[in-house]
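A quick write-up on the structure given underneath.
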Amino acid sequence: MGVIQFHVQRPDLLAKAGSCSMVDFLMYDGRIAPADVLLQGDRMICRRTVSESGQFRLSWPRFSGGSQVVHSTSLREQSEPYELELELARGQLSRLRNQFSIWHGSGLQSSSRLDELIRESHRSFRAAALRAEVPETSAAAAVLSMELSAQAADMLCEHYVSQRIEFRRQRSPRIPVLMGCHLNEVPQQESEFLQTFNAVQVGADWQSLESQEGQHDWSRLDALLEWAQERRLFVMGGPLLDLTQDSLPTWMRNWSRSRQNLQSFAADFVETVLGRYQGRIRHWEVITGGNRGGAFGMTEEDRISFISAVLQAVRGVDDTVQVSLRVIQPWGEYLSEVPGSLSPIQFFDTLRRCGVRIGEVNLDLRLSQSRLRCLRRDPLSLSQLIDHWSLFQIPLNVMITVPPLLDNSGVIHREDWLRSALLMCLSKERVTGIWLSDWQGGTEGASLMGADGQPDSSLKLLQKLTRELLW
């Protein structure tokens with residue numbers, strides 16, 4: 001077992017950022033090593049199952065309120081503790097400089113304000129590093145450097161997004177990206193929906209379609225599909241199976257104890273659904289949460305075998321159908337809670353190496369308090385995530401669930417984060433679809449329509465972006 005220790009000058013900031021339960025190390029090869037954290041006064045002790053060097057990641061508060069994930073540079077094990085604030089400041093400044101160099105080398109136009117923020121961040125970091133003999137002064141300068149780096153990273157992303165979108169619009173006035181929303185029933189506010197979205201994901205879970213064994217109720221899905229097709233909306237079906245929770249029909253519970261029976265019944269269900277809607281729904285999100293798991297006691301090997309068998313059944317029905325796989329917590333937060341050895345991108349790569357054909361990846365960004373949440377990150381982290389997954393050279397869909405974000409001073413309106421995330425997605429050519437979690441009555445406070453039937457402020461933002469950039 002490996003141990004890395006930190007000396008913490010500002011434990012109050014750690015407490016302000018929330019729990020340290022989701023702390024990990026990002027290894028050089030993309031693996032994610034969770035860490036057990038013990039705080040003893042001003043000493044933080046991180047115990048890991050590995051001993052290699054890695055980037056330390058945890059939540060840290062922003063001056064403007066709320067918190068976001070920050071990184072150190074790669075740290076090796078040593079007998080003496082690191083200075084936490086100094087190492088986080090070093091990591092944030094290094095991350096900013098590297099990305100600025102990449103984008104500026106590709107033609108990004110900077111601004112005097114951005115250049116000044118970067119210089120101020122350098123200046124504060126130098127003060128922190130050179131005054132190590134006065135820990136309080138060093139920590140204060142390091143915290144200021146982190147905040148300046150964060151502000152510079154936000155501005156850098158704003159420059160990148162505006163210039164990339166302008167470049168894309170020079171080739172085509174309208175960016176070819178689907179804007180969709182998940183629906184379980186026909187929306188009552190039809191005009192509001194059609195002003196915002198040109199695509200719909202129709203809910204098709206097992207429990208709602210086959211609550212009694214062998215007796216399928218297609219009425220809801222048929223009505224929803226007919227409504228969508230009459231309005232010429234692009235349709236994605238699913239997800240059919242959720243491996244993060246026990247979402248099986250009641251009659252299936254006894255059969256789920258056997259891996260072979262569960263796999264067989266699931267394949268039969270998928271074949272039945274795809275057979276009924278063959279030619280009408282050309283794109284299916286068959287399985288969600290395979291990388292995280294959590295249901296039916298499946299190991300990683302079990303889940304890989306299960307996904308392979310189910311998608312093979314899909315190809316047996318229709319070899320031309322487009323199949324997408326949803327990746328839960330794509331930054332790997334679940335590895336701090338769920339035993340496993342594969343990061344999200346390694347899990348997907350393993351499936352591909354096993355011969356599983358997947359046409360698209362759906363990245364699930366869920367900023368909520370649920371167990372499937374993603375920790376809040378800045379637009380630069382989202383950009384790097386999309387770029388990382390783009391290496392597979394397949395289309396990406398970004399699935400967004402953004403309830404109100406809270407900080408110590410109250411509510412941060414979700415459109416602040418949503419706007420920056422949407423624009424970042426629209427700047428990336430590999431992103432072919434952006435999908436919102438729910439229209440009305442959704443879980444986790446993520447509905448786009450209020451209880452009074454009036455549009456949420458986030459919906460107005462979506463409509464504005466739709467008019468200006470999409471269609």
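Every chain in the structure tokens takes a letter, A first, then B, and so on in the order presented; its residues are numbered from 1, and the ligands are numbered from 1 following the presented order.
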Who sits within 10 Å of Ile32 (chain A), only C-alpha atoms, same chain under 3 positions skipped, as a PyMOL selection string: chain A and resi 24-29+35+54-55+331-333+335-336+340-344
Selection: 8 Å around Val3 (chain A), only C-alpha atoms, excl. self and same-chain fewer than 4 positions, as a list in words: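 So, after excluding close chain neighbours, the residues are Ile45, Cys46, Arg47, Arg48, Ser51 and Glu77 of chain A.
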One-decimal distance in Å that lies between CA of Val317 (chain A) and CA of Trp206 (chain A): 17.9 Å
Nearest to Arg10 (chain A), chosen from A:Glu136, A:Arg90, A:Ser74, A:Glu185, with only C-alpha atoms counted in the distances: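 The shortest atom-to-atom distance to Arg10 (chain A) comes from A:Glu136.
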Using only C-alpha atoms: which of A:Asn291, A:Gln5, A:Gln170, A:Thr466 has the shortest distance to Gln195 (chain A):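 Going through A:Asn291, A:Gln5, A:Gln170, A:Thr466 one by one, the smallest distance to Gln195 (chain A) is for A:Thr466.
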Contacts of region 116-125 of chain A within 6 Å, only C-alpha atoms, excl. fewer than 6 positions in-chain, as a list in words: Ala141, Ala142, Ser145, Leu148, Ser149 and Ala152 of chain A
Residue neighbourhood Ile281 (chain A), 9 Å, only C-alpha atoms, exclusion window fewer than 6 positions, as a VMD selection string: chain A and resid 225 234 to 237 274 321
Just write the chosen residues, N, CA and C atoms, as a PDB file, in the first residue's frame.
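Below is the file out.pdb, written as the result:
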```
ATOM      1  N   LEU A 225     -43.718   7.648 -29.844  1.00  0.00           N
ATOM      2  CA  LEU A 225     -42.992   7.524 -31.107  1.00  0.00           C
ATOM      3  C   LEU A 225     -43.793   8.126 -32.256  1.00  0.00           C
ATOM      4  N   PHE A 234     -35.747  13.608 -34.608  1.00  0.00           N
ATOM      5  CA  PHE A 234     -34.842  12.463 -34.538  1.00  0.00           C
ATOM      6  C   PHE A 234     -35.143  11.695 -33.249  1.00  0.00           C
ATOM      7  N   VAL A 235     -35.180  10.358 -33.343  1.00  0.00           N
ATOM      8  CA  VAL A 235     -35.586   9.543 -32.201  1.00  0.00           C
ATOM      9  C   VAL A 235     -34.454   8.617 -31.782  1.00  0.00           C
ATOM     10  N   MET A 236     -34.151   8.648 -30.477  1.00  0.00           N
ATOM     11  CA  MET A 236     -33.269   7.667 -29.861  1.00  0.00           C
ATOM     12  C   MET A 236     -34.097   6.894 -28.843  1.00  0.00           C
ATOM     13  N   GLY A 237     -33.997   5.592 -28.860  1.00  0.00           N
ATOM     14  CA  GLY A 237     -34.732   4.775 -27.897  1.00  0.00           C
ATOM     15  C   GLY A 237     -33.868   4.342 -26.738  1.00  0.00           C
ATOM     16  N   LEU A 274     -36.458  -4.383 -30.135  1.00  0.00           N
ATOM     17  CA  LEU A 274     -35.891  -3.948 -31.404  1.00  0.00           C
ATOM     18  C   LEU A 274     -36.632  -4.549 -32.586  1.00  0.00           C
ATOM     19  N   VAL A 321     -28.587  -1.122 -37.120  1.00  0.00           N
ATOM     20  CA  VAL A 321     -29.052  -0.171 -36.123  1.00  0.00           C
ATOM     21  C   VAL A 321     -27.851   0.492 -35.439  1.00  0.00           C
TER      22      VAL A 321
END
```
All helix (DSSP H, G or I) positions in region 172-260 of chain A, as a ChimeraX atom specification: /A:190-196,206-209,219-230,250-252,255-257,259-260
Given the selection you just returned, output its residues as a file containing N, CA and C atoms, formatted as a CSV table (one decimal), in the first residue's frame.
```csv
chain,number,residue,atom,x,y,z
A,190,GLU,N,-46.2,21.5,-26.0
A,190,GLU,CA,-45.6,21.1,-27.3
A,190,GLU,C,-44.8,22.2,-28.0
A,191,SER,N,-45.4,23.4,-28.0
A,191,SER,CA,-44.7,24.4,-28.8
A,191,SER,C,-43.4,24.8,-28.1
A,192,GLU,N,-43.4,24.8,-26.8
A,192,GLU,CA,-42.1,25.1,-26.1
A,192,GLU,C,-41.1,24.1,-26.4
A,193,PHE,N,-41.5,22.8,-26.4
A,193,PHE,CA,-40.6,21.7,-26.7
A,193,PHE,C,-40.0,21.8,-28.1
A,194,LEU,N,-40.9,22.1,-29.1
A,194,LEU,CA,-40.4,22.1,-30.5
A,194,LEU,C,-39.6,23.3,-30.8
A,195,GLN,N,-39.7,24.4,-30.0
A,195,GLN,CA,-38.8,25.6,-30.2
A,195,GLN,C,-37.4,25.3,-29.7
A,196,THR,N,-37.3,24.2,-28.9
A,196,THR,CA,-36.0,24.0,-28.2
A,196,THR,C,-35.3,22.8,-28.8
A,206,TRP,N,-37.5,-1.7,-19.0
A,206,TRP,CA,-38.1,-3.0,-19.0
A,206,TRP,C,-39.3,-3.1,-18.1
A,207,GLN,N,-39.3,-2.4,-17.0
A,207,GLN,CA,-40.4,-2.5,-16.1
A,207,GLN,C,-41.7,-1.9,-16.7
A,208,SER,N,-41.6,-0.8,-17.4
A,208,SER,CA,-42.7,-0.2,-18.0
A,208,SER,C,-43.3,-0.9,-19.2
A,209,LEU,N,-42.4,-1.7,-19.9
A,209,LEU,CA,-42.8,-2.4,-21.1
A,209,LEU,C,-43.3,-3.8,-20.9
A,219,SER,N,-48.4,0.7,-25.6
A,219,SER,CA,-49.2,1.9,-25.8
A,219,SER,C,-48.5,3.2,-25.6
A,220,ARG,N,-47.8,3.3,-24.5
A,220,ARG,CA,-47.2,4.6,-24.2
A,220,ARG,C,-46.0,4.9,-25.2
A,221,LEU,N,-45.2,3.9,-25.4
A,221,LEU,CA,-44.1,4.1,-26.4
A,221,LEU,C,-44.6,4.3,-27.8
A,222,ASP,N,-45.6,3.6,-28.2
A,222,ASP,CA,-46.2,3.8,-29.5
A,222,ASP,C,-46.7,5.2,-29.7
A,223,ALA,N,-47.4,5.7,-28.7
A,223,ALA,CA,-48.0,7.1,-28.8
A,223,ALA,C,-46.9,8.1,-28.9
A,224,LEU,N,-45.8,7.9,-28.0
A,224,LEU,CA,-44.7,8.9,-28.0
A,224,LEU,C,-44.0,8.8,-29.3
A,225,LEU,N,-43.7,7.6,-29.8
A,225,LEU,CA,-43.0,7.5,-31.1
A,225,LEU,C,-43.8,8.1,-32.3
A,226,GLU,N,-45.1,7.9,-32.3
A,226,GLU,CA,-45.9,8.4,-33.3
A,226,GLU,C,-45.9,10.0,-33.3
A,227,TRP,N,-46.0,10.5,-32.1
A,227,TRP,CA,-45.9,12.0,-31.9
A,227,TRP,C,-44.6,12.5,-32.4
A,228,ALA,N,-43.5,11.9,-32.1
A,228,ALA,CA,-42.2,12.4,-32.5
A,228,ALA,C,-42.0,12.3,-34.0
A,229,GLN,N,-42.4,11.2,-34.6
A,229,GLN,CA,-42.2,11.0,-36.0
A,229,GLN,C,-43.1,12.0,-36.8
A,230,GLU,N,-44.3,12.3,-36.4
A,230,GLU,CA,-45.2,13.2,-37.1
A,230,GLU,C,-44.6,14.6,-37.1
A,250,THR,N,-40.7,-6.9,-11.5
A,250,THR,CA,-40.9,-7.7,-10.3
A,250,THR,C,-40.7,-9.2,-10.6
A,251,TRP,N,-41.3,-9.7,-11.7
A,251,TRP,CA,-41.3,-11.1,-11.9
A,251,TRP,C,-39.9,-11.6,-12.3
A,252,MET,N,-39.0,-10.7,-12.6
A,252,MET,CA,-37.6,-11.1,-13.0
A,252,MET,C,-36.7,-11.2,-11.8
A,255,TRP,N,-35.1,-14.6,-11.1
A,255,TRP,CA,-34.3,-15.1,-12.1
A,255,TRP,C,-32.9,-14.4,-12.1
A,256,SER,N,-32.9,-13.1,-11.6
A,256,SER,CA,-31.7,-12.3,-11.7
A,256,SER,C,-30.5,-12.9,-10.8
A,257,ARG,N,-30.8,-13.9,-10.0
A,257,ARG,CA,-29.7,-14.4,-9.1
A,257,ARG,C,-28.7,-15.3,-10.0
A,259,ARG,N,-26.6,-15.5,-13.3
A,259,ARG,CA,-26.0,-14.7,-14.4
A,259,ARG,C,-26.5,-15.2,-15.8
A,260,GLN,N,-26.5,-16.5,-15.9
A,260,GLN,CA,-26.9,-17.0,-17.2
A,260,GLN,C,-28.4,-16.7,-17.5
```
All residues 8 Å or closer to region 353-356 of chain A, only C-alpha atoms, same chain fewer than 4 positions away omitted, as number ranges by chain: A: 308, 311-312, 349
Could those residues be written to a file, using C-alpha atoms, as a PDB file, in the first residue's frame?
```pdb
ATOM      1  CA  SER A 308     -21.260  -8.372 -25.189  1.00  0.00           C
ATOM      2  CA  LEU A 311     -25.328  -6.294 -28.056  1.00  0.00           C
ATOM      3  CA  GLN A 312     -24.763  -9.488 -30.006  1.00  0.00           C
ATOM      4  CA  ASP A 349     -11.605   0.176 -24.626  1.00  0.00           C
TER       5      ASP A 349
END
```
CA of Ser67 (chain A) to CA of Glu85 (chain A), distance in Å rounded to a single decimal: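 We find that CA of Ser67 (chain A) and CA of Glu85 (chain A) lie 15.0 Å from each other.
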Closest of A:Leu233, A:Leu426, A:Leu86, A:Met179 to Val143 (chain A) - atom-to-atom distances counting only C-alpha atoms: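 Among the listed residues, A:Leu86 lies closest to Val143 (chain A).
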Out of region 156-347 of chain A, which residues get strand (DSSP E) from DSSP, as a CSV table (one decimal) with N, CA and C atoms, in the first residue's frame?
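For reference, result_22.csv as written:
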```
chain,number,residue,atom,x,y,z
A,178,LEU,N,-27.4,17.6,-32.8
A,178,LEU,CA,-28.8,17.4,-32.3
A,178,LEU,C,-28.9,17.9,-30.9
A,179,MET,N,-30.1,18.6,-30.7
A,179,MET,CA,-30.4,19.0,-29.3
A,179,MET,C,-31.7,18.3,-28.9
A,180,GLY,N,-31.5,17.4,-27.9
A,180,GLY,CA,-32.6,16.5,-27.6
A,180,GLY,C,-32.9,16.5,-26.1
A,181,CYS,N,-34.0,15.8,-25.8
A,181,CYS,CA,-34.5,15.7,-24.4
A,181,CYS,C,-35.1,14.4,-24.2
A,182,HIS,N,-35.0,13.8,-23.0
A,182,HIS,CA,-35.6,12.5,-22.6
A,182,HIS,C,-37.1,12.8,-22.3
A,183,LEU,N,-37.9,11.9,-22.9
A,183,LEU,CA,-39.4,12.0,-22.6
A,183,LEU,C,-39.9,10.6,-22.2
A,199,ALA,N,-34.7,16.6,-31.4
A,199,ALA,CA,-34.5,15.2,-31.2
A,199,ALA,C,-35.2,14.8,-29.8
A,200,VAL,N,-35.5,13.6,-29.7
A,200,VAL,CA,-36.2,13.1,-28.5
A,200,VAL,C,-35.6,11.7,-28.2
A,201,GLN,N,-35.4,11.5,-26.9
A,201,GLN,CA,-35.1,10.1,-26.4
A,201,GLN,C,-36.3,9.6,-25.7
A,202,VAL,N,-36.8,8.5,-26.3
A,202,VAL,CA,-38.1,7.9,-25.7
A,202,VAL,C,-37.7,6.8,-24.7
A,234,PHE,N,-35.7,13.6,-34.6
A,234,PHE,CA,-34.8,12.5,-34.5
A,234,PHE,C,-35.1,11.7,-33.2
A,235,VAL,N,-35.2,10.4,-33.3
A,235,VAL,CA,-35.6,9.5,-32.2
A,235,VAL,C,-34.5,8.6,-31.8
A,236,MET,N,-34.2,8.6,-30.5
A,236,MET,CA,-33.3,7.7,-29.9
A,236,MET,C,-34.1,6.9,-28.8
A,237,GLY,N,-34.0,5.6,-28.9
A,237,GLY,CA,-34.7,4.8,-27.9
A,237,GLY,C,-33.9,4.3,-26.7
A,241,LEU,N,-31.7,-1.1,-20.6
A,241,LEU,CA,-31.2,-1.8,-19.4
A,241,LEU,C,-30.3,-0.9,-18.6
A,242,ASP,N,-30.5,-0.9,-17.3
A,242,ASP,CA,-29.7,0.0,-16.4
A,242,ASP,C,-28.9,-0.9,-15.5
A,283,HIS,N,-31.8,4.3,-33.8
A,283,HIS,CA,-30.7,4.6,-32.8
A,283,HIS,C,-31.2,4.2,-31.4
A,284,TRP,N,-30.4,3.3,-30.8
A,284,TRP,CA,-30.8,2.8,-29.5
A,284,TRP,C,-29.7,2.9,-28.5
A,285,GLU,N,-30.1,3.5,-27.3
A,285,GLU,CA,-29.2,3.4,-26.2
A,285,GLU,C,-29.6,2.1,-25.4
A,286,VAL,N,-28.8,1.1,-25.6
A,286,VAL,CA,-29.3,-0.2,-25.1
A,286,VAL,C,-29.0,-0.4,-23.6
A,287,ILE,N,-27.8,0.0,-23.2
A,287,ILE,CA,-27.3,-0.3,-21.8
A,287,ILE,C,-26.7,1.0,-21.3
A,288,THR,N,-27.1,1.3,-20.0
A,288,THR,CA,-26.5,2.4,-19.3
A,288,THR,C,-25.8,1.9,-18.1
A,322,GLN,N,-28.0,1.8,-35.1
A,322,GLN,CA,-26.9,2.5,-34.4
A,322,GLN,C,-27.1,2.3,-32.9
A,323,VAL,N,-26.0,1.8,-32.3
A,323,VAL,CA,-26.0,1.4,-30.8
A,323,VAL,C,-25.1,2.4,-30.1
A,324,SER,N,-25.6,3.0,-29.0
A,324,SER,CA,-24.8,3.8,-28.2
A,324,SER,C,-24.7,3.2,-26.8
A,325,LEU,N,-23.6,3.5,-26.1
A,325,LEU,CA,-23.4,3.0,-24.7
A,325,LEU,C,-23.2,4.2,-23.8
A,326,ARG,N,-24.0,4.3,-22.7
A,326,ARG,CA,-23.9,5.4,-21.8
A,326,ARG,C,-22.8,5.1,-20.8
A,327,VAL,N,-21.9,6.1,-20.6
A,327,VAL,CA,-20.8,6.0,-19.6
A,327,VAL,C,-21.2,6.9,-18.4
A,328,ILE,N,-21.4,6.3,-17.3
A,328,ILE,CA,-21.8,7.0,-16.0
A,328,ILE,C,-20.5,7.5,-15.4
```
